[in-house]
$ cat model-v3.pdb   # PDB, C-alpha atoms and all ligand atoms
ATOM      1  CA  MET A   1     -46.182  21.492 -64.815
ATOM      2  CA  SER A   2     -42.648  20.404 -64.160
ATOM      3  CA  ALA A   3     -40.205  19.547 -66.891
ATOM      4  CA  PHE A   4     -38.559  16.119 -67.003
ATOM      5  CA  PRO A   5     -35.871  15.289 -66.172
ATOM      6  CA  PRO A   6     -34.942  17.496 -63.249
ATOM      7  CA  HIS A   7     -31.776  19.101 -64.559
ATOM      8  CA  GLY A   8     -31.915  22.764 -63.758
ATOM      9  CA  ILE A   9     -34.831  22.410 -61.358
ATOM     10  CA  SER A  10     -33.641  23.827 -58.104
ATOM     11  CA  PHE A  11     -36.521  22.872 -55.822
ATOM     12  CA  GLN A  12     -37.410  19.531 -54.315
ATOM     13  CA  HIS A  13     -40.333  17.539 -55.681
ATOM     14  CA  THR A  14     -42.727  14.966 -54.354
ATOM     15  CA  LEU A  15     -45.614  13.082 -55.951
ATOM     16  CA  LYS A  16     -48.904  14.786 -56.741
ATOM     17  CA  GLN A  17     -50.730  11.567 -55.935
ATOM     18  CA  PRO A  18     -49.857   8.090 -54.658
ATOM     19  CA  PHE A  19     -49.403   4.959 -56.771
ATOM     20  CA  THR A  20     -48.947   1.252 -56.128
ATOM     21  CA  LEU A  21     -46.961  -1.419 -57.966
ATOM     22  CA  GLN A  22     -46.666  -5.146 -57.421
ATOM     23  CA  GLY A  23     -45.142  -8.308 -58.812
ATOM     24  CA  PRO A  24     -42.628 -11.043 -58.061
ATOM     25  CA  ALA A  25     -39.459 -10.184 -56.145
ATOM     26  CA  LEU A  26     -36.315 -11.160 -58.049
ATOM     27  CA  HIS A  27     -34.383 -13.052 -55.401
ATOM     28  CA  SER A  28     -37.040 -14.441 -53.040
ATOM     29  CA  GLY A  29     -39.596 -15.069 -55.794
ATOM     30  CA  GLN A  30     -42.311 -13.914 -53.379
ATOM     31  CA  HIS A  31     -45.085 -11.495 -54.269
ATOM     32  CA  ALA A  32     -43.957  -7.948 -53.502
ATOM     33  CA  SER A  33     -46.072  -4.818 -53.395
ATOM     34  CA  MET A  34     -45.197  -1.191 -52.801
ATOM     35  CA  ALA A  35     -47.344   1.884 -52.166
ATOM     36  CA  VAL A  36     -45.591   5.165 -52.973
ATOM     37  CA  GLU A  37     -46.963   8.351 -51.403
ATOM     38  CA  PRO A  38     -45.994  12.023 -51.248
ATOM     39  CA  ALA A  39     -43.590  13.015 -48.433
ATOM     40  CA  ALA A  40     -42.517  16.259 -46.792
ATOM     41  CA  PRO A  41     -39.615  18.320 -48.173
ATOM     42  CA  GLY A  42     -36.279  17.203 -46.779
ATOM     43  CA  SER A  43     -37.437  13.685 -45.992
ATOM     44  CA  GLY A  44     -35.900  11.972 -49.015
ATOM     45  CA  VAL A  45     -37.120   8.496 -49.907
ATOM     46  CA  ILE A  46     -38.241   6.467 -46.894
ATOM     47  CA  PHE A  47     -39.009   2.730 -47.018
ATOM     48  CA  ARG A  48     -41.640   1.678 -44.470
ATOM     49  CA  VAL A  49     -41.187  -2.007 -43.669
ATOM     50  CA  LYS A  50     -43.147  -4.281 -41.322
ATOM     51  CA  THR A  51     -41.068  -6.107 -38.726
ATOM     52  CA  SER A  52     -42.023  -8.371 -35.829
ATOM     53  CA  ALA A  53     -41.894  -5.245 -33.650
ATOM     54  CA  GLY A  54     -44.159  -3.195 -35.933
ATOM     55  CA  TRP A  55     -43.576  -0.754 -38.755
ATOM     56  CA  GLN A  56     -40.069   0.643 -39.166
ATOM     57  CA  ASP A  57     -38.897   3.407 -41.498
ATOM     58  CA  ILE A  58     -35.614   2.974 -43.368
ATOM     59  CA  PRO A  59     -34.177   6.187 -44.856
ATOM     60  CA  ALA A  60     -32.717   5.697 -48.337
ATOM     61  CA  HIS A  61     -29.190   6.654 -47.324
ATOM     62  CA  TRP A  62     -25.833   4.978 -47.867
ATOM     63  CA  ARG A  63     -25.177   4.823 -44.124
ATOM     64  CA  HIS A  64     -27.770   2.057 -43.914
ATOM     65  CA  ILE A  65     -26.354  -0.176 -46.669
ATOM     66  CA  SER A  66     -26.264  -3.730 -45.313
ATOM     67  CA  SER A  67     -25.490  -5.786 -48.406
ATOM     68  CA  THR A  68     -24.364  -5.156 -51.962
ATOM     69  CA  ARG A  69     -24.389  -8.766 -53.134
ATOM     70  CA  PHE A  70     -26.439  -9.000 -56.376
ATOM     71  CA  ALA A  71     -28.647  -6.088 -55.241
ATOM     72  CA  MET A  72     -28.558  -2.997 -53.048
ATOM     73  CA  ALA A  73     -29.983  -3.673 -49.580
ATOM     74  CA  LEU A  74     -30.535  -1.372 -46.604
ATOM     75  CA  GLU A  75     -31.004  -2.291 -42.975
ATOM     76  CA  TYR A  76     -32.033  -0.045 -40.120
ATOM     77  CA  ARG A  77     -33.261  -0.906 -36.617
ATOM     78  CA  GLY A  78     -34.011  -4.498 -37.493
ATOM     79  CA  ALA A  79     -35.820  -3.754 -40.753
ATOM     80  CA  ARG A  80     -34.444  -4.640 -44.167
ATOM     81  CA  ILE A  81     -35.267  -3.691 -47.756
ATOM     82  CA  SER A  82     -33.508  -5.014 -50.840
ATOM     83  CA  THR A  83     -33.342  -4.592 -54.630
ATOM     84  CA  ILE A  84     -34.051  -0.873 -54.374
ATOM     85  CA  GLU A  85     -31.696   0.332 -57.118
ATOM     86  CA  HIS A  86     -34.053   0.408 -60.099
ATOM     87  CA  PHE A  87     -36.741   2.270 -58.181
ATOM     88  CA  LEU A  88     -34.196   4.788 -56.873
ATOM     89  CA  ALA A  89     -32.829   5.223 -60.406
ATOM     90  CA  ALA A  90     -36.346   6.160 -61.497
ATOM     91  CA  CYS A  91     -36.536   8.664 -58.623
ATOM     92  CA  ALA A  92     -33.204  10.168 -59.701
ATOM     93  CA  GLY A  93     -34.063  10.133 -63.396
ATOM     94  CA  MET A  94     -37.535  11.608 -62.992
ATOM     95  CA  GLY A  95     -36.610  14.131 -60.281
ATOM     96  CA  LEU A  96     -38.577  12.656 -57.375
ATOM     97  CA  ASP A  97     -36.820  13.730 -54.167
ATOM     98  CA  ASN A  98     -39.265  12.876 -51.402
ATOM     99  CA  ALA A  99     -41.535   9.835 -51.128
ATOM    100  CA  LEU A 100     -42.792   7.349 -48.556
ATOM    101  CA  VAL A 101     -42.660   3.780 -49.864
ATOM    102  CA  THR A 102     -44.643   1.227 -47.840
ATOM    103  CA  VAL A 103     -43.704  -2.344 -48.742
ATOM    104  CA  ASN A 104     -45.183  -5.720 -47.806
ATOM    105  CA  GLY A 105     -41.887  -7.583 -47.603
ATOM    106  CA  PRO A 106     -38.101  -7.265 -47.652
ATOM    107  CA  GLU A 107     -37.681  -6.789 -51.413
ATOM    108  CA  LEU A 108     -39.159  -4.477 -54.042
ATOM    109  CA  PRO A 109     -40.878  -6.052 -57.082
ATOM    110  CA  ILE A 110     -38.481  -6.562 -59.985
ATOM    111  CA  LEU A 111     -41.169  -5.771 -62.611
ATOM    112  CA  ASP A 112     -39.479  -5.947 -66.034
ATOM    113  CA  GLY A 113     -35.935  -5.731 -64.611
ATOM    114  CA  SER A 114     -35.527  -2.082 -65.598
ATOM    115  CA  SER A 115     -36.717   1.297 -64.283
ATOM    116  CA  SER A 116     -39.409   1.720 -66.935
ATOM    117  CA  VAL A 117     -42.479   0.781 -64.886
ATOM    118  CA  PHE A 118     -41.331   2.875 -61.907
ATOM    119  CA  ALA A 119     -40.548   5.870 -64.111
ATOM    120  CA  ARG A 120     -43.871   5.731 -65.938
ATOM    121  CA  ALA A 121     -45.744   5.447 -62.642
ATOM    122  CA  ILE A 122     -43.932   8.554 -61.364
ATOM    123  CA  ARG A 123     -44.767  10.434 -64.549
ATOM    124  CA  GLU A 124     -48.433   9.436 -64.366
ATOM    125  CA  ALA A 125     -48.715  10.384 -60.692
ATOM    126  CA  GLY A 126     -47.115  13.743 -61.499
ATOM    127  CA  LEU A 127     -44.631  15.793 -59.526
ATOM    128  CA  ALA A 128     -45.366  18.690 -57.194
ATOM    129  CA  GLU A 129     -42.726  21.312 -56.460
ATOM    130  CA  GLN A 130     -41.931  21.871 -52.784
ATOM    131  CA  ASP A 131     -40.637  24.885 -50.921
ATOM    132  CA  GLN A 132     -37.115  23.628 -50.208
ATOM    133  CA  GLU A 133     -34.122  23.718 -52.504
ATOM    134  CA  ARG A 134     -32.975  20.424 -53.949
ATOM    135  CA  ARG A 135     -29.874  19.047 -52.215
ATOM    136  CA  LEU A 136     -26.904  18.820 -54.557
ATOM    137  CA  VAL A 137     -23.538  17.112 -54.269
ATOM    138  CA  ILE A 138     -21.390  19.288 -56.522
ATOM    139  CA  ILE A 139     -18.067  17.641 -57.329
ATOM    140  CA  ARG A 140     -15.122  20.041 -56.848
ATOM    141  CA  ARG A 141     -12.118  17.738 -57.271
ATOM    142  CA  PRO A 142     -11.760  14.481 -59.248
ATOM    143  CA  ILE A 143     -12.374  11.504 -57.015
ATOM    144  CA  SER A 144     -12.354   7.818 -57.833
ATOM    145  CA  ALA A 145     -12.806   4.401 -56.271
ATOM    146  CA  GLN A 146     -11.660   1.045 -57.543
ATOM    147  CA  ILE A 147     -12.269  -2.563 -56.551
ATOM    148  CA  GLN A 148     -10.331  -4.965 -58.767
ATOM    149  CA  ASP A 149     -11.516  -4.189 -62.332
ATOM    150  CA  ALA A 150     -14.480  -2.109 -61.192
ATOM    151  CA  ARG A 151     -13.889   1.617 -61.268
ATOM    152  CA  ILE A 152     -15.772   4.876 -60.819
ATOM    153  CA  ARG A 153     -14.297   8.298 -61.405
ATOM    154  CA  VAL A 154     -16.213  11.534 -60.922
ATOM    155  CA  SER A 155     -14.883  14.913 -62.072
ATOM    156  CA  PRO A 156     -16.148  18.471 -61.775
ATOM    157  CA  ALA A 157     -18.461  19.500 -64.621
ATOM    158  CA  ASP A 158     -21.024  22.233 -65.223
ATOM    159  CA  LYS A 159     -23.631  19.630 -66.006
ATOM    160  CA  THR A 160     -23.989  16.007 -65.106
ATOM    161  CA  LEU A 161     -22.918  13.415 -67.668
ATOM    162  CA  TRP A 162     -22.727   9.640 -67.244
ATOM    163  CA  HIS A 163     -20.455   7.198 -69.084
ATOM    164  CA  GLY A 164     -20.781   3.431 -68.680
ATOM    165  CA  ARG A 165     -18.365   0.778 -69.914
ATOM    166  CA  VAL A 166     -18.563  -2.972 -69.569
ATOM    167  CA  GLN A 167     -16.416  -5.687 -70.995
ATOM    168  CA  PHE A 168     -17.206  -9.388 -71.100
ATOM    169  CA  ASN A 169     -15.453 -12.203 -72.810
ATOM    170  CA  HIS A 170     -18.567 -12.872 -74.842
ATOM    171  CA  PRO A 171     -19.133 -12.373 -78.585
ATOM    172  CA  TRP A 172     -22.423 -10.488 -78.220
ATOM    173  CA  VAL A 173     -21.500  -8.093 -75.366
ATOM    174  CA  GLY A 174     -17.785  -7.710 -75.966
ATOM    175  CA  ARG A 175     -16.761  -4.192 -75.042
ATOM    176  CA  SER A 176     -19.812  -1.992 -74.644
ATOM    177  CA  TYR A 177     -20.118   1.728 -73.991
ATOM    178  CA  ALA A 178     -23.048   4.035 -73.290
ATOM    179  CA  TRP A 179     -23.424   7.626 -72.202
ATOM    180  CA  TYR A 180     -26.343   9.511 -70.755
ATOM    181  CA  ASP A 181     -26.972  13.239 -70.547
ATOM    182  CA  PRO A 182     -29.790  13.924 -68.046
ATOM    183  CA  SER A 183     -30.344  17.420 -69.449
ATOM    184  CA  ALA A 184     -31.576  15.934 -72.747
ATOM    185  CA  GLY A 185     -34.800  14.812 -71.064
ATOM    186  CA  ARG A 186     -34.760  11.275 -72.433
ATOM    187  CA  PHE A 187     -34.647   9.191 -69.263
ATOM    188  CA  LEU A 188     -37.900   7.366 -70.091
ATOM    189  CA  SER A 189     -36.832   6.385 -73.599
ATOM    190  CA  GLU A 190     -33.040   6.079 -73.406
ATOM    191  CA  LEU A 191     -32.095   4.804 -69.965
ATOM    192  CA  ALA A 192     -35.077   3.585 -67.933
ATOM    193  CA  PRO A 193     -35.850   0.619 -70.267
ATOM    194  CA  ALA A 194     -32.343  -0.943 -69.973
ATOM    195  CA  ARG A 195     -32.794  -4.244 -68.115
ATOM    196  CA  THR A 196     -30.821  -6.244 -65.627
ATOM    197  CA  PHE A 197     -28.830  -8.797 -67.574
ATOM    198  CA  GLY A 198     -27.382 -12.213 -66.939
ATOM    199  CA  PHE A 199     -25.644 -14.985 -68.806
ATOM    200  CA  THR A 200     -27.322 -18.387 -69.117
ATOM    201  CA  SER A 201     -24.008 -19.880 -68.009
ATOM    202  CA  ASP A 202     -24.312 -18.096 -64.627
ATOM    203  CA  LEU A 203     -28.017 -18.574 -63.999
ATOM    204  CA  ASP A 204     -27.867 -22.192 -62.857
ATOM    205  CA  ALA A 205     -25.251 -21.343 -60.241
ATOM    206  CA  MET A 206     -27.327 -18.408 -58.975
ATOM    207  CA  ARG A 207     -30.466 -20.557 -58.739
ATOM    208  CA  ALA A 208     -28.496 -23.239 -56.882
ATOM    209  CA  ALA A 209     -27.436 -20.533 -54.406
ATOM    210  CA  GLY A 210     -31.096 -19.703 -53.751
ATOM    211  CA  LEU A 211     -30.966 -16.458 -55.722
ATOM    212  CA  ILE A 212     -33.137 -15.151 -58.573
ATOM    213  CA  ARG A 213     -36.095 -17.396 -57.646
ATOM    214  CA  GLY A 214     -38.342 -14.811 -59.280
ATOM    215  CA  GLY A 215     -36.037 -14.370 -62.277
ATOM    216  CA  SER A 216     -37.359 -15.097 -65.761
ATOM    217  CA  LEU A 217     -37.175 -13.885 -69.338
ATOM    218  CA  ASP A 218     -39.875 -11.389 -68.325
ATOM    219  CA  ASN A 219     -37.569  -9.465 -65.992
ATOM    220  CA  ALA A 220     -34.050  -9.699 -67.382
ATOM    221  CA  LEU A 221     -32.029  -9.622 -70.550
ATOM    222  CA  VAL A 222     -30.746 -13.194 -70.666
ATOM    223  CA  ILE A 223     -27.693 -13.732 -72.832
ATOM    224  CA  GLY A 224     -26.944 -17.170 -74.254
ATOM    225  CA  ASP A 225     -23.831 -18.336 -76.069
ATOM    226  CA  HIS A 226     -24.665 -16.330 -79.187
ATOM    227  CA  GLY A 227     -26.710 -13.423 -77.818
ATOM    228  CA  PRO A 228     -30.021 -12.620 -76.090
ATOM    229  CA  ILE A 229     -32.468 -15.514 -75.821
ATOM    230  CA  ASN A 230     -35.433 -13.239 -75.011
ATOM    231  CA  GLU A 231     -38.048 -13.474 -77.725
ATOM    232  CA  ASP A 232     -37.784  -9.770 -78.590
ATOM    233  CA  GLY A 233     -34.006  -9.606 -78.227
ATOM    234  CA  ALA A 234     -32.241  -6.626 -76.675
ATOM    235  CA  ARG A 235     -33.884  -3.217 -76.265
ATOM    236  CA  PHE A 236     -30.622  -1.442 -77.165
ATOM    237  CA  PHE A 237     -27.441  -2.729 -78.788
ATOM    238  CA  ASN A 238     -25.607  -1.532 -75.664
ATOM    239  CA  GLU A 239     -28.320  -2.416 -73.153
ATOM    240  CA  CYS A 240     -25.775  -3.831 -70.651
ATOM    241  CA  ALA A 241     -23.739  -0.601 -70.525
ATOM    242  CA  ARG A 242     -26.922   1.455 -70.207
ATOM    243  CA  HIS A 243     -28.120  -0.716 -67.341
ATOM    244  CA  LYS A 244     -24.816  -0.162 -65.532
ATOM    245  CA  ILE A 245     -25.446   3.589 -65.680
ATOM    246  CA  LEU A 246     -28.971   2.985 -64.368
ATOM    247  CA  ASP A 247     -27.674   0.908 -61.440
ATOM    248  CA  ALA A 248     -25.138   3.604 -60.528
ATOM    249  CA  MET A 249     -27.750   6.335 -60.760
ATOM    250  CA  GLY A 250     -30.004   4.388 -58.392
ATOM    251  CA  ASP A 251     -27.294   3.545 -55.886
ATOM    252  CA  LEU A 252     -25.847   7.065 -55.844
ATOM    253  CA  PHE A 253     -29.312   8.410 -55.011
ATOM    254  CA  LEU A 254     -28.343   7.124 -51.542
ATOM    255  CA  LEU A 255     -25.955  10.098 -51.253
ATOM    256  CA  GLY A 256     -29.015  12.114 -50.257
ATOM    257  CA  GLY A 257     -28.599  14.721 -52.988
ATOM    258  CA  ALA A 258     -28.235  14.914 -56.765
ATOM    259  CA  LEU A 259     -24.689  14.401 -57.997
ATOM    260  CA  VAL A 260     -23.351  17.201 -60.222
ATOM    261  CA  GLY A 261     -20.277  16.081 -62.136
ATOM    262  CA  GLU A 262     -19.045  13.859 -64.945
ATOM    263  CA  ILE A 263     -19.258  10.217 -63.917
ATOM    264  CA  GLU A 264     -17.185   7.523 -65.605
ATOM    265  CA  LEU A 265     -18.073   3.922 -64.791
ATOM    266  CA  GLU A 266     -16.211   0.780 -65.728
ATOM    267  CA  ALA A 267     -17.395  -2.724 -64.780
ATOM    268  CA  ASN A 268     -19.178  -1.036 -61.875
ATOM    269  CA  GLY A 269     -21.363  -2.713 -59.283
ATOM    270  CA  HIS A 270     -23.131  -2.126 -55.989
ATOM    271  CA  THR A 271     -20.070  -2.768 -53.784
ATOM    272  CA  LEU A 272     -18.066  -0.187 -55.715
ATOM    273  CA  HIS A 273     -20.876   2.364 -55.481
ATOM    274  CA  ALA A 274     -21.087   1.900 -51.708
ATOM    275  CA  ALA A 275     -17.318   2.352 -51.325
ATOM    276  CA  PHE A 276     -17.408   5.455 -53.497
ATOM    277  CA  MET A 277     -20.177   7.136 -51.505
ATOM    278  CA  ARG A 278     -18.324   6.627 -48.240
ATOM    279  CA  LYS A 279     -15.088   7.925 -49.755
ATOM    280  CA  LEU A 280     -16.797  10.978 -51.225
ATOM    281  CA  TRP A 281     -18.390  11.814 -47.883
ATOM    282  CA  GLU A 282     -15.121  11.310 -46.026
ATOM    283  CA  THR A 283     -12.928  13.320 -48.419
ATOM    284  CA  PRO A 284     -12.975  17.004 -47.411
ATOM    285  CA  GLY A 285     -13.132  19.348 -50.390
ATOM    286  CA  ALA A 286     -14.105  16.671 -52.921
ATOM    287  CA  ALA A 287     -17.627  18.060 -53.149
ATOM    288  CA  ASP A 288     -19.800  20.941 -52.023
ATOM    289  CA  TRP A 289     -22.786  19.589 -50.133
ATOM    290  CA  TYR A 290     -25.390  22.137 -51.172
ATOM    291  CA  PRO A 291     -27.249  23.893 -49.664
ATOM    292  CA  THR A 292     -25.042  23.603 -46.603
ATOM    293  CA  HIS A 293     -27.793  24.138 -44.040
ATOM    294  CA  SER A 294     -29.956  21.359 -45.437
ATOM    295  CA  TRP A 295     -27.303  18.770 -44.691
ATOM    296  CA  VAL A 296     -27.170  19.695 -41.004
ATOM    297  CA  ALA A 297     -30.780  20.686 -40.449
ATOM    298  CA  HIS A 298     -32.122  17.357 -41.569
ATOM    299  CA  PRO A 299     -34.959  15.978 -39.404
ATOM    300  CA  SER A 300     -32.984  12.834 -38.565
ATOM    301  CA  ASP A 301     -29.379  13.171 -37.425
ATOM    302  CA  GLU A 302     -28.918   9.488 -38.089
ATOM    303  CA  MET A 303     -29.958   9.869 -41.687
ATOM    304  CA  LEU A 304     -27.508  12.515 -42.752
ATOM    305  CA  PRO A 305     -24.444  12.278 -40.561
ATOM    306  CA  SER A 306     -23.180  15.434 -38.911
ATOM    307  CA  ASP A 307     -19.764  14.043 -37.921
ATOM    308  CA  GLY A 308     -17.034  15.500 -40.082
ATOM    309  CA  PHE A 309     -19.411  18.137 -41.327
ATOM    310  CA  SER A 310     -17.519  21.134 -39.999
ATOM    311  CA  ALA A 311     -14.312  19.911 -41.604
ATOM    312  CA  ARG A 312     -16.069  19.598 -44.913
ATOM    313  CA  SER A 313     -17.859  22.919 -44.895
ATOM    314  CA  ALA A 314     -14.612  24.672 -43.937
ATOM    315  CA  ALA A 315     -12.768  23.114 -46.869
TER     316      ALA A 315
HETATM  317 ZN    ZN B 401     -29.665  -3.428 -62.001
END
$ encode --input "model-v3.pdb" --output "structure tokens"
Amino acid sequence: MSAFPPHGISFQHTLKQPFTLQGPALHSGQHASMAVEPAAPGSGVIFRVKTSAGWQDIPAHWRHISSTRFAMALEYRGARISTIEHFLAACAGMGLDNALVTVNGPELPILDGSSSVFARAIREAGLAEQDQERRLVIIRRPISAQIQDARIRVSPADKTLWHGRVQFNHPWVGRSYAWYDPSAGRFLSELAPARTFGFTSDLDAMRAAGLIRGGSLDNALVIGDHGPINEDGARFFNECARHKILDAMGDLFLLGGALVGEIELEANGHTLHAAFMRKLWETPGAADWYPTHSWVAHPSDEMLPSDGFSARSAA
């Protein structure tokens, strides 16, 4: 039996058995279903999407990011999958490295707007250890990215630690901070339940733009002039800051390996995460891509780029 979360586990894991989840998609409002199955070591998470030309696999890798507007979306060979971040955060948080995810449409179900349902499904299905070492991205030199007020900084550390900060000109949110230590084993209780959030003042504009057609008080923390308008209120006093950590954890899963370092986030979002991943990959010496052979010997050259690899491994 594997321990949760994966800190310290050095081998890759897949599911012991498949599971399915379904529900409305946040932006399209359409019914979305996903079937998650075990996958071979080294394959990572693969989204299998139906296109007019047949089924197409999309590797969960930052090279295939096609849009970061309101959600993380991937596109590969004419197939598209969106709103993947909360599922990938559950994969990262629970230590699921390899899985095949067959979907019935271009968006994953939003469920309750957090990673809780995904994480519990992974726990119930169980994890099986595989015979390949887990890929790690071990930070060796501080590296940061910034877009306007949004900032991410990652520094070398013996163990991974996340810090999230958000600031809104709003009396209930104000300046909010959260931290998360994966080695404490509290992903399911401390981070996974933190929901997507939005302000009532912004929702009308988003609906008018054709977004969040599936959005409701069932799948988001909705903040009115004086605080949450959800019947049960917030799940944590700093739920917004926790959710920002969750979003970053999900997006950075697209690196293709587990990040080892201290991560400081401020007003972060999907566009920033995408910029950071590219910068990290393109900065020789910023990280050790471990184990070296697994980054070149990957089954798909397109999935884990080999260009620039020799420069990096020589650094
Ligand atoms: Zn989110």
$ residues_near_ligand --input "model-v3.pdb" --ligand "ligand ZN 401 (chain B)" --cutoff "9 Å" --atoms "all atoms listed in the file" --output "list in words"
Phe70, Ala71, Thr83, Glu85, His86, Gly113, Ser114, Ser115, Ala194, Arg195, Thr196, Phe197, His243, Lys244, Ile245, Leu246, Asp247, Ala248, Gly250, Gly269 and His270 of chain A
$ resolve_selection --input "model-v3.pdb" --expression "the PyMOL selection byres (((chain A and resi 92) around 12) and not hetatm)" --output "ChimeraX atom specification"
/A:4-7,12-14,44-45,85-91,93-99,115,118-119,122,134,136,182,187-188,191-192,245-259
$ closest_atom_pairs --input "model-v3.pdb" --of "region 4-105 of chain A" --to "region 200-210 of chain A" --cutoff "10 Å" --atoms "all atoms listed in the file" --output "CSV"
residue,atom,partner,partner_atom,distance
A:His27,CA,A:Gly210,CA,7.6
A:Ser28,CA,A:Gly210,CA,8.0
A:Gly29,CA,A:Gly210,CA,9.9
A:Phe70,CA,A:Met206,CA,9.8
$ closest_residue --input "model-v3.pdb" --among "A:Gly78, A:Pro24, A:Pro142, A:Pro156" --to "Val49 (chain A)" --atoms "all atoms listed in the file"
A:Gly78
$ resolve_selection --input "model-v3.pdb" --expression "the PyMOL selection byres (((chain A and resi 175) around 12) and not hetatm)" --output "VMD selection string"
chain A and resid 164 to 174 176 to 178 237 to 241 266 to 267
$ write_last_selection --input "model-v3.pdb" --atoms "C-alpha atoms" --output "tab-separated table (two decimals), in the coordinates of the input"
chain	number	residue	atom	x	y	z
A	164	GLY	CA	-20.78	3.43	-68.68
A	165	ARG	CA	-18.36	0.78	-69.91
A	166	VAL	CA	-18.56	-2.97	-69.57
A	167	GLN	CA	-16.42	-5.69	-71.00
A	168	PHE	CA	-17.21	-9.39	-71.10
A	169	ASN	CA	-15.45	-12.20	-72.81
A	170	HIS	CA	-18.57	-12.87	-74.84
A	171	PRO	CA	-19.13	-12.37	-78.58
A	172	TRP	CA	-22.42	-10.49	-78.22
A	173	VAL	CA	-21.50	-8.09	-75.37
A	174	GLY	CA	-17.78	-7.71	-75.97
A	176	SER	CA	-19.81	-1.99	-74.64
A	177	TYR	CA	-20.12	1.73	-73.99
A	178	ALA	CA	-23.05	4.04	-73.29
A	237	PHE	CA	-27.44	-2.73	-78.79
A	238	ASN	CA	-25.61	-1.53	-75.66
A	239	GLU	CA	-28.32	-2.42	-73.15
A	240	CYS	CA	-25.78	-3.83	-70.65
A	241	ALA	CA	-23.74	-0.60	-70.53
A	266	GLU	CA	-16.21	0.78	-65.73
A	267	ALA	CA	-17.40	-2.72	-64.78
$ closest_residue --input "model-v3.pdb" --among "A:Pro228, A:Pro41, A:Gly105, A:Gly261" --to "Ala287 (chain A)" --atoms "only C-alpha atoms"
A:Gly261
$ closest_residue --input "model-v3.pdb" --among "A:Ala39, A:Leu217, A:Leu15, A:Ile58" --to "Leu127 (chain A)" --atoms "all atoms listed in the file"
A:Leu15
$ residues_around --input "model-v3.pdb" --residues "Thr271 (chain A)" --least-positions-apart "4" --cutoff "12 Å" --atoms "all atoms listed in the file" --output "mmCIF file with C-alpha atoms, in the frame of the given file"
data_model
loop_
_atom_site.group_PDB
_atom_site.id
_atom_site.type_symbol
_atom_site.label_atom_id
_atom_site.label_comp_id
_atom_site.auth_asym_id
_atom_site.auth_seq_id
_atom_site.Cartn_x
_atom_site.Cartn_y
_atom_site.Cartn_z
ATOM 1 C CA TRP A 62 -25.833 4.978 -47.867
ATOM 2 C CA ILE A 65 -26.354 -0.176 -46.669
ATOM 3 C CA SER A 66 -26.264 -3.730 -45.313
ATOM 4 C CA SER A 67 -25.490 -5.786 -48.406
ATOM 5 C CA THR A 68 -24.364 -5.156 -51.962
ATOM 6 C CA ARG A 69 -24.389 -8.766 -53.134
ATOM 7 C CA PHE A 70 -26.439 -9.000 -56.376
ATOM 8 C CA ALA A 71 -28.647 -6.088 -55.241
ATOM 9 C CA MET A 72 -28.558 -2.997 -53.048
ATOM 10 C CA ALA A 73 -29.983 -3.673 -49.580
ATOM 11 C CA ALA A 145 -12.806 4.401 -56.271
ATOM 12 C CA GLN A 146 -11.660 1.045 -57.543
ATOM 13 C CA ILE A 147 -12.269 -2.563 -56.551
ATOM 14 C CA GLN A 148 -10.331 -4.965 -58.767
ATOM 15 C CA ALA A 150 -14.480 -2.109 -61.192
ATOM 16 C CA ARG A 151 -13.889 1.617 -61.268
ATOM 17 C CA ILE A 152 -15.772 4.876 -60.819
ATOM 18 C CA ASP A 247 -27.674 0.908 -61.440
ATOM 19 C CA ALA A 248 -25.138 3.604 -60.528
ATOM 20 C CA ASP A 251 -27.294 3.545 -55.886
ATOM 21 C CA LEU A 252 -25.847 7.065 -55.844
ATOM 22 C CA ALA A 267 -17.395 -2.724 -64.780
ATOM 23 C CA ALA A 275 -17.318 2.352 -51.325
ATOM 24 C CA PHE A 276 -17.408 5.455 -53.497
ATOM 25 C CA MET A 277 -20.177 7.136 -51.505
ATOM 26 C CA ARG A 278 -18.324 6.627 -48.240
#
$ atom_distance --input "model-v3.pdb" --atom1 "CA of Asp112 (chain A)" --atom2 "CA of Phe19 (chain A)"
17.4 Å
$ atom_distance --input "model-v3.pdb" --atom1 "CA of Ile263 (chain A)" --atom2 "CA of His163 (chain A)"
6.1 Å
$ residues_near_point --input "model-v3.pdb" --point "(-45.3, 0.6, -59.4)" --cutoff "10 Å" --atoms "all atoms listed in the file" --output "tab-separated table (two decimals) with C-alpha atoms, in the coordinates of the input"
chain	number	residue	atom	x	y	z
A	18	PRO	CA	-49.86	8.09	-54.66
A	19	PHE	CA	-49.40	4.96	-56.77
A	20	THR	CA	-48.95	1.25	-56.13
A	21	LEU	CA	-46.96	-1.42	-57.97
A	22	GLN	CA	-46.67	-5.15	-57.42
A	23	GLY	CA	-45.14	-8.31	-58.81
A	33	SER	CA	-46.07	-4.82	-53.40
A	34	MET	CA	-45.20	-1.19	-52.80
A	35	ALA	CA	-47.34	1.88	-52.17
A	36	VAL	CA	-45.59	5.16	-52.97
A	87	PHE	CA	-36.74	2.27	-58.18
A	108	LEU	CA	-39.16	-4.48	-54.04
A	109	PRO	CA	-40.88	-6.05	-57.08
A	110	ILE	CA	-38.48	-6.56	-59.98
A	111	LEU	CA	-41.17	-5.77	-62.61
A	115	SER	CA	-36.72	1.30	-64.28
A	116	SER	CA	-39.41	1.72	-66.94
A	117	VAL	CA	-42.48	0.78	-64.89
A	118	PHE	CA	-41.33	2.88	-61.91
A	119	ALA	CA	-40.55	5.87	-64.11
A	120	ARG	CA	-43.87	5.73	-65.94
A	121	ALA	CA	-45.74	5.45	-62.64
A	122	ILE	CA	-43.93	8.55	-61.36
$ resolve_selection --input "model-v3.pdb" --expression "the PyMOL selection byres (((chain A and resi 180) around 6) and not hetatm)" --output "ChimeraX atom specification"
/A:162,179,181
$ closest_residue --input "model-v3.pdb" --among "A:Arg48, A:Arg140, A:Lys279, A:Arg123" --to "Val103 (chain A)" --atoms "only C-alpha atoms"
A:Arg48
